[in-house]
$ cat input-v9.pdb   # PDB, C-alpha atoms, pLDDT in the B column
ATOM      1  CA  MET A   1     -89.609 128.368  62.444  1.00 92.00           C
ATOM      2  CA  GLY A   2     -91.631 125.729  60.675  1.00 97.00           C
ATOM      3  CA  ALA A   3     -94.002 126.273  57.785  1.00 98.00           C
ATOM      4  CA  LEU A   4     -97.223 124.882  56.385  1.00 98.00           C
ATOM      5  CA  TRP A   5     -97.799 124.365  52.667  1.00 97.00           C
ATOM      6  CA  ILE A   6    -101.550 124.723  52.134  1.00 97.00           C
ATOM      7  CA  ALA A   7    -103.238 123.791  48.868  1.00 96.00           C
ATOM      8  CA  HIS A   8    -106.899 124.114  47.905  1.00 96.00           C
ATOM      9  CA  VAL A   9    -107.669 122.107  44.769  1.00 96.00           C
ATOM     10  CA  THR A  10    -110.467 121.272  42.357  1.00 96.00           C
ATOM     11  CA  VAL A  11    -109.382 118.328  40.203  1.00 96.00           C
ATOM     12  CA  THR A  12    -110.611 118.588  36.596  1.00 97.00           C
ATOM     13  CA  ASP A  13    -108.751 115.574  35.130  1.00 96.00           C
ATOM     14  CA  ALA A  14    -108.405 112.738  37.634  1.00 95.00           C
ATOM     15  CA  GLU A  15    -106.070 110.629  35.490  1.00 94.00           C
ATOM     16  CA  ALA A  16    -103.513 113.397  34.919  1.00 93.00           C
ATOM     17  CA  TYR A  17    -103.811 114.577  38.522  1.00 94.00           C
ATOM     18  CA  GLY A  18    -103.117 111.012  39.642  1.00 94.00           C
ATOM     19  CA  LYS A  19     -99.650 111.281  38.077  1.00 95.00           C
ATOM     20  CA  TYR A  20     -99.055 114.479  40.075  1.00 95.00           C
ATOM     21  CA  ALA A  21    -100.167 112.667  43.247  1.00 92.00           C
ATOM     22  CA  GLU A  22     -97.652 109.868  42.570  1.00 94.00           C
ATOM     23  CA  LEU A  23     -94.727 112.264  42.125  1.00 95.00           C
ATOM     24  CA  VAL A  24     -95.441 114.904  44.754  1.00 95.00           C
ATOM     25  CA  GLY A  25     -94.830 112.773  47.861  1.00 95.00           C
ATOM     26  CA  PRO A  26     -91.159 112.057  47.134  1.00 97.00           C
ATOM     27  CA  ALA A  27     -90.547 115.717  46.182  1.00 97.00           C
ATOM     28  CA  ILE A  28     -92.059 116.919  49.468  1.00 97.00           C
ATOM     29  CA  ALA A  29     -90.116 114.347  51.519  1.00 97.00           C
ATOM     30  CA  LYS A  30     -86.823 115.254  49.814  1.00 97.00           C
ATOM     31  CA  HIS A  31     -87.184 118.774  51.225  1.00 97.00           C
ATOM     32  CA  GLY A  32     -88.030 117.680  54.771  1.00 98.00           C
ATOM     33  CA  GLY A  33     -91.786 117.948  54.329  1.00 98.00           C
ATOM     34  CA  SER A  34     -94.537 115.577  55.369  1.00 97.00           C
ATOM     35  CA  PHE A  35     -98.276 115.544  54.789  1.00 97.00           C
ATOM     36  CA  ILE A  36    -100.481 116.244  57.794  1.00 96.00           C
ATOM     37  CA  ALA A  37    -103.777 116.510  55.855  1.00 96.00           C
ATOM     38  CA  ARG A  38    -104.441 115.164  52.392  1.00 93.00           C
ATOM     39  CA  GLY A  39    -107.955 115.335  51.008  1.00 88.00           C
ATOM     40  CA  GLY A  40    -109.807 114.584  54.247  1.00 91.00           C
ATOM     41  CA  LYS A  41    -113.125 115.807  55.591  1.00 95.00           C
ATOM     42  CA  PHE A  42    -113.442 119.597  55.804  1.00 95.00           C
ATOM     43  CA  VAL A  43    -115.977 122.307  56.541  1.00 96.00           C
ATOM     44  CA  GLN A  44    -115.828 125.429  54.362  1.00 95.00           C
ATOM     45  CA  LEU A  45    -116.717 128.420  56.524  1.00 96.00           C
ATOM     46  CA  GLU A  46    -115.706 131.292  54.214  1.00 96.00           C
ATOM     47  CA  GLY A  47    -114.414 131.846  50.687  1.00 93.00           C
ATOM     48  CA  LYS A  48    -114.370 129.621  47.634  1.00 92.00           C
ATOM     49  CA  GLU A  49    -114.799 125.930  48.349  1.00 95.00           C
ATOM     50  CA  ARG A  50    -112.361 123.469  46.799  1.00 96.00           C
ATOM     51  CA  PRO A  51    -113.128 119.766  47.307  1.00 95.00           C
ATOM     52  CA  ARG A  52    -109.495 118.755  47.914  1.00 95.00           C
ATOM     53  CA  ASN A  53    -107.414 120.403  50.635  1.00 96.00           C
ATOM     54  CA  VAL A  54    -103.840 119.437  51.440  1.00 96.00           C
ATOM     55  CA  VAL A  55    -101.488 120.564  54.206  1.00 97.00           C
ATOM     56  CA  ALA A  56     -97.816 119.626  54.419  1.00 98.00           C
ATOM     57  CA  LYS A  57     -95.442 120.581  57.221  1.00 98.00           C
ATOM     58  CA  PHE A  58     -91.906 121.782  56.428  1.00 98.00           C
ATOM     59  CA  PRO A  59     -89.000 122.752  58.672  1.00 97.00           C
ATOM     60  CA  SER A  60     -89.020 126.331  57.292  1.00 97.00           C
ATOM     61  CA  VAL A  61     -90.599 128.645  54.736  1.00 98.00           C
ATOM     62  CA  GLU A  62     -87.375 128.416  52.758  1.00 98.00           C
ATOM     63  CA  ALA A  63     -87.547 124.608  52.632  1.00 98.00           C
ATOM     64  CA  ALA A  64     -91.149 124.753  51.371  1.00 98.00           C
ATOM     65  CA  VAL A  65     -90.303 127.324  48.689  1.00 98.00           C
ATOM     66  CA  ASP A  66     -87.192 125.357  47.696  1.00 98.00           C
ATOM     67  CA  CYS A  67     -89.406 122.290  47.320  1.00 98.00           C
ATOM     68  CA  TYR A  68     -91.832 124.201  45.093  1.00 98.00           C
ATOM     69  CA  ASN A  69     -88.974 125.409  42.877  1.00 98.00           C
ATOM     70  CA  SER A  70     -87.204 122.036  42.753  1.00 98.00           C
ATOM     71  CA  PRO A  71     -87.002 120.047  39.502  1.00 97.00           C
ATOM     72  CA  GLU A  72     -88.829 117.147  41.209  1.00 97.00           C
ATOM     73  CA  TYR A  73     -91.805 119.248  42.229  1.00 97.00           C
ATOM     74  CA  GLN A  74     -91.915 121.130  38.938  1.00 97.00           C
ATOM     75  CA  GLU A  75     -92.087 117.764  37.124  1.00 96.00           C
ATOM     76  CA  ALA A  76     -95.015 116.749  39.342  1.00 96.00           C
ATOM     77  CA  LEU A  77     -96.661 120.135  38.882  1.00 96.00           C
ATOM     78  CA  SER A  78     -96.506 119.790  35.099  1.00 96.00           C
ATOM     79  CA  HIS A  79     -99.167 117.079  35.463  1.00 95.00           C
ATOM     80  CA  ALA A  80    -101.375 119.119  37.809  1.00 95.00           C
ATOM     81  CA  ARG A  81    -101.478 122.453  35.978  1.00 93.00           C
ATOM     82  CA  ALA A  82    -103.892 121.409  33.226  1.00 93.00           C
ATOM     83  CA  ALA A  83    -105.643 118.887  35.484  1.00 96.00           C
ATOM     84  CA  SER A  84    -106.749 121.176  38.305  1.00 96.00           C
ATOM     85  CA  GLU A  85    -107.683 124.609  39.548  1.00 96.00           C
ATOM     86  CA  ARG A  86    -105.685 125.378  42.656  1.00 95.00           C
ATOM     87  CA  GLU A  87    -104.374 127.845  45.150  1.00 96.00           C
ATOM     88  CA  LEU A  88    -101.160 127.181  47.044  1.00 96.00           C
ATOM     89  CA  MET A  89     -99.559 129.134  49.858  1.00 98.00           C
ATOM     90  CA  VAL A  90     -96.799 128.713  52.411  1.00 98.00           C
ATOM     91  CA  VAL A  91     -97.413 130.062  55.913  1.00 98.00           C
ATOM     92  CA  GLU A  92     -94.795 130.323  58.638  1.00 97.00           C
ATOM     93  CA  THR A  93     -95.863 128.670  61.872  1.00 96.00           C
ATOM     94  CA  SER A  94     -95.476 130.249  65.288  1.00 91.00           C
ATOM     95  CA  GLU A  95     -93.700 127.175  66.698  1.00 75.00           C
TER      96      GLU A  95
END
$ encode --input "input-v9.pdb" --output "structure tokens"
Amino acid sequence: MGALWIAHVTVTDAEAYGKYAELVGPAIAKHGGSFIARGGKFVQLEGKERPRNVVAKFPSVEAAVDCYNSPEYQEALSHARAASERELMVVETSE
């Protein structure tokens, strides 16, 4: 089954977060992932609003988690940690 990587983000340092944004795409692609939503228009219906919302599609939950734990993604994440407040989850799809 496929999986969705869903991130809700408030950027607090745009310059540092920009470095994360440069590095994250290749890390996601290396693990079979692709972005299907990246910072577009949204409507918050419940819960805490974050101005940036990102969804990536992966071939499996395992591929998404492997991506997160990979050296490439961890390097990208090192730029985002102090530059944002974020929640990230992986959800298995029903297809």
$ closest_residue --input "input-v9.pdb" --among "A:Lys57, A:Gly2, A:Ala37, A:Ser78" --to "Lys19 (chain A)" --atoms "only C-alpha atoms"
A:Ser78
$ resolve_selection --input "input-v9.pdb" --expression "the PyMOL selection byres ((chain A and resi 5-12) around 10)" --output "PyMOL selection string"
chain A and resi 3-4+13-18+28+33-39+48-58+61+64-65+68+80-92
$ closest_residue --input "input-v9.pdb" --among "A:Glu75, A:Asp66, A:Pro59, A:Lys30" --to "Ser94 (chain A)" --atoms "all atoms listed in the file"
A:Pro59
$ residues_around --input "input-v9.pdb" --residues "Tyr73 (chain A)" --least-positions-apart "3" --cutoff "8 Å" --atoms "all atoms listed in the file" --output "mmCIF file with C-alpha atoms, keeping the file's coordinate frame"
data_model
loop_
_atom_site.group_PDB
_atom_site.id
_atom_site.type_symbol
_atom_site.label_atom_id
_atom_site.label_comp_id
_atom_site.auth_asym_id
_atom_site.auth_seq_id
_atom_site.Cartn_x
_atom_site.Cartn_y
_atom_site.Cartn_z
ATOM 1 C CA LEU A 23 -94.727 112.264 42.125
ATOM 2 C CA VAL A 24 -95.441 114.904 44.754
ATOM 3 C CA ALA A 27 -90.547 115.717 46.182
ATOM 4 C CA ILE A 28 -92.059 116.919 49.468
ATOM 5 C CA CYS A 67 -89.406 122.290 47.320
ATOM 6 C CA TYR A 68 -91.832 124.201 45.093
ATOM 7 C CA ASN A 69 -88.974 125.409 42.877
ATOM 8 C CA SER A 70 -87.204 122.036 42.753
ATOM 9 C CA ALA A 76 -95.015 116.749 39.342
ATOM 10 C CA LEU A 77 -96.661 120.135 38.882
#
$ atom_distance --input "input-v9.pdb" --atom1 "CA of Gln74 (chain A)" --atom2 "CA of Ala21 (chain A)"
12.6 Å
$ atom_distance --input "input-v9.pdb" --atom1 "CA of Gly25 (chain A)" --atom2 "CA of Glu95 (chain A)"
23.7 Å
$ atom_distance --input "input-v9.pdb" --atom1 "CA of Gly32 (chain A)" --atom2 "CA of Ser60 (chain A)"
9.1 Å
$ decode --input "input-v9.pdb" --residues "region 12-39 of chain A" --atoms "N, CA and C atoms" --output "PDB file, in the first residue's frame"
ATOM      1  N   THR A  12       9.826  29.923  10.860  1.00  0.00           N
ATOM      2  CA  THR A  12      10.244  31.017  11.740  1.00  0.00           C
ATOM      3  C   THR A  12      11.528  31.686  11.262  1.00  0.00           C
ATOM      4  N   ASP A  13      12.259  31.042  10.359  1.00  0.00           N
ATOM      5  CA  ASP A  13      13.484  31.602   9.778  1.00  0.00           C
ATOM      6  C   ASP A  13      13.508  31.204   8.304  1.00  0.00           C
ATOM      7  N   ALA A  14      13.053  32.110   7.456  1.00  0.00           N
ATOM      8  CA  ALA A  14      12.885  31.792   6.031  1.00  0.00           C
ATOM      9  C   ALA A  14      14.200  31.432   5.348  1.00  0.00           C
ATOM     10  N   GLU A  15      15.284  32.081   5.712  1.00  0.00           N
ATOM     11  CA  GLU A  15      16.567  31.812   5.064  1.00  0.00           C
ATOM     12  C   GLU A  15      17.043  30.383   5.373  1.00  0.00           C
ATOM     13  N   ALA A  16      17.033  30.008   6.624  1.00  0.00           N
ATOM     14  CA  ALA A  16      17.463  28.655   7.001  1.00  0.00           C
ATOM     15  C   ALA A  16      16.499  27.612   6.441  1.00  0.00           C
ATOM     16  N   TYR A  17      15.207  27.905   6.466  1.00  0.00           N
ATOM     17  CA  TYR A  17      14.232  26.949   5.945  1.00  0.00           C
ATOM     18  C   TYR A  17      14.395  26.783   4.440  1.00  0.00           C
ATOM     19  N   GLY A  18      14.848  27.832   3.773  1.00  0.00           N
ATOM     20  CA  GLY A  18      15.109  27.746   2.334  1.00  0.00           C
ATOM     21  C   GLY A  18      16.142  26.681   2.007  1.00  0.00           C
ATOM     22  N   LYS A  19      17.150  26.527   2.870  1.00  0.00           N
ATOM     23  CA  LYS A  19      18.163  25.486   2.660  1.00  0.00           C
ATOM     24  C   LYS A  19      17.521  24.101   2.795  1.00  0.00           C
ATOM     25  N   TYR A  20      16.635  23.941   3.774  1.00  0.00           N
ATOM     26  CA  TYR A  20      15.890  22.687   3.913  1.00  0.00           C
ATOM     27  C   TYR A  20      15.108  22.408   2.624  1.00  0.00           C
ATOM     28  N   ALA A  21      14.405  23.421   2.127  1.00  0.00           N
ATOM     29  CA  ALA A  21      13.587  23.260   0.922  1.00  0.00           C
ATOM     30  C   ALA A  21      14.432  22.841  -0.280  1.00  0.00           C
ATOM     31  N   GLU A  22      15.659  23.317  -0.371  1.00  0.00           N
ATOM     32  CA  GLU A  22      16.552  22.929  -1.468  1.00  0.00           C
ATOM     33  C   GLU A  22      16.949  21.458  -1.380  1.00  0.00           C
ATOM     34  N   LEU A  23      17.180  20.968  -0.178  1.00  0.00           N
ATOM     35  CA  LEU A  23      17.704  19.620   0.021  1.00  0.00           C
ATOM     36  C   LEU A  23      16.639  18.535   0.098  1.00  0.00           C
ATOM     37  N   VAL A  24      15.430  18.907   0.495  1.00  0.00           N
ATOM     38  CA  VAL A  24      14.414  17.885   0.768  1.00  0.00           C
ATOM     39  C   VAL A  24      13.909  17.183  -0.497  1.00  0.00           C
ATOM     40  N   GLY A  25      13.790  17.891  -1.589  1.00  0.00           N
ATOM     41  CA  GLY A  25      13.272  17.291  -2.826  1.00  0.00           C
ATOM     42  C   GLY A  25      14.068  16.081  -3.283  1.00  0.00           C
ATOM     43  N   PRO A  26      15.400  16.208  -3.402  1.00  0.00           N
ATOM     44  CA  PRO A  26      16.190  15.042  -3.802  1.00  0.00           C
ATOM     45  C   PRO A  26      16.109  13.880  -2.803  1.00  0.00           C
ATOM     46  N   ALA A  27      16.023  14.175  -1.518  1.00  0.00           N
ATOM     47  CA  ALA A  27      15.912  13.111  -0.505  1.00  0.00           C
ATOM     48  C   ALA A  27      14.599  12.352  -0.670  1.00  0.00           C
ATOM     49  N   ILE A  28      13.520  13.092  -0.891  1.00  0.00           N
ATOM     50  CA  ILE A  28      12.203  12.464  -1.090  1.00  0.00           C
ATOM     51  C   ILE A  28      12.217  11.604  -2.361  1.00  0.00           C
ATOM     52  N   ALA A  29      12.735  12.166  -3.450  1.00  0.00           N
ATOM     53  CA  ALA A  29      12.762  11.442  -4.729  1.00  0.00           C
ATOM     54  C   ALA A  29      13.602  10.175  -4.641  1.00  0.00           C
ATOM     55  N   LYS A  30      14.705  10.226  -3.909  1.00  0.00           N
ATOM     56  CA  LYS A  30      15.587   9.056  -3.779  1.00  0.00           C
ATOM     57  C   LYS A  30      14.853   7.870  -3.163  1.00  0.00           C
ATOM     58  N   HIS A  31      13.817   8.133  -2.389  1.00  0.00           N
ATOM     59  CA  HIS A  31      13.072   7.066  -1.722  1.00  0.00           C
ATOM     60  C   HIS A  31      11.717   6.796  -2.385  1.00  0.00           C
ATOM     61  N   GLY A  32      11.593   7.228  -3.651  1.00  0.00           N
ATOM     62  CA  GLY A  32      10.390   6.936  -4.420  1.00  0.00           C
ATOM     63  C   GLY A  32       9.236   7.881  -4.150  1.00  0.00           C
ATOM     64  N   GLY A  33       9.495   8.968  -3.439  1.00  0.00           N
ATOM     65  CA  GLY A  33       8.438   9.913  -3.112  1.00  0.00           C
ATOM     66  C   GLY A  33       8.328  11.043  -4.117  1.00  0.00           C
ATOM     67  N   SER A  34       7.165  11.665  -4.127  1.00  0.00           N
ATOM     68  CA  SER A  34       6.945  12.849  -4.960  1.00  0.00           C
ATOM     69  C   SER A  34       5.944  13.759  -4.255  1.00  0.00           C
ATOM     70  N   PHE A  35       6.120  15.051  -4.434  1.00  0.00           N
ATOM     71  CA  PHE A  35       5.214  16.013  -3.815  1.00  0.00           C
ATOM     72  C   PHE A  35       3.904  16.065  -4.576  1.00  0.00           C
ATOM     73  N   ILE A  36       2.789  16.072  -3.847  1.00  0.00           N
ATOM     74  CA  ILE A  36       1.489  16.264  -4.482  1.00  0.00           C
ATOM     75  C   ILE A  36       0.828  17.555  -3.994  1.00  0.00           C
ATOM     76  N   ALA A  37       1.333  18.124  -2.904  1.00  0.00           N
ATOM     77  CA  ALA A  37       0.898  19.444  -2.424  1.00  0.00           C
ATOM     78  C   ALA A  37       2.076  20.044  -1.683  1.00  0.00           C
ATOM     79  N   ARG A  38       2.354  21.304  -1.974  1.00  0.00           N
ATOM     80  CA  ARG A  38       3.529  21.933  -1.364  1.00  0.00           C
ATOM     81  C   ARG A  38       3.262  23.417  -1.149  1.00  0.00           C
ATOM     82  N   GLY A  39       2.634  23.721  -0.009  1.00  0.00           N
ATOM     83  CA  GLY A  39       2.442  25.122   0.351  1.00  0.00           C
ATOM     84  C   GLY A  39       1.313  25.823  -0.364  1.00  0.00           C
TER      85      GLY A  39
END
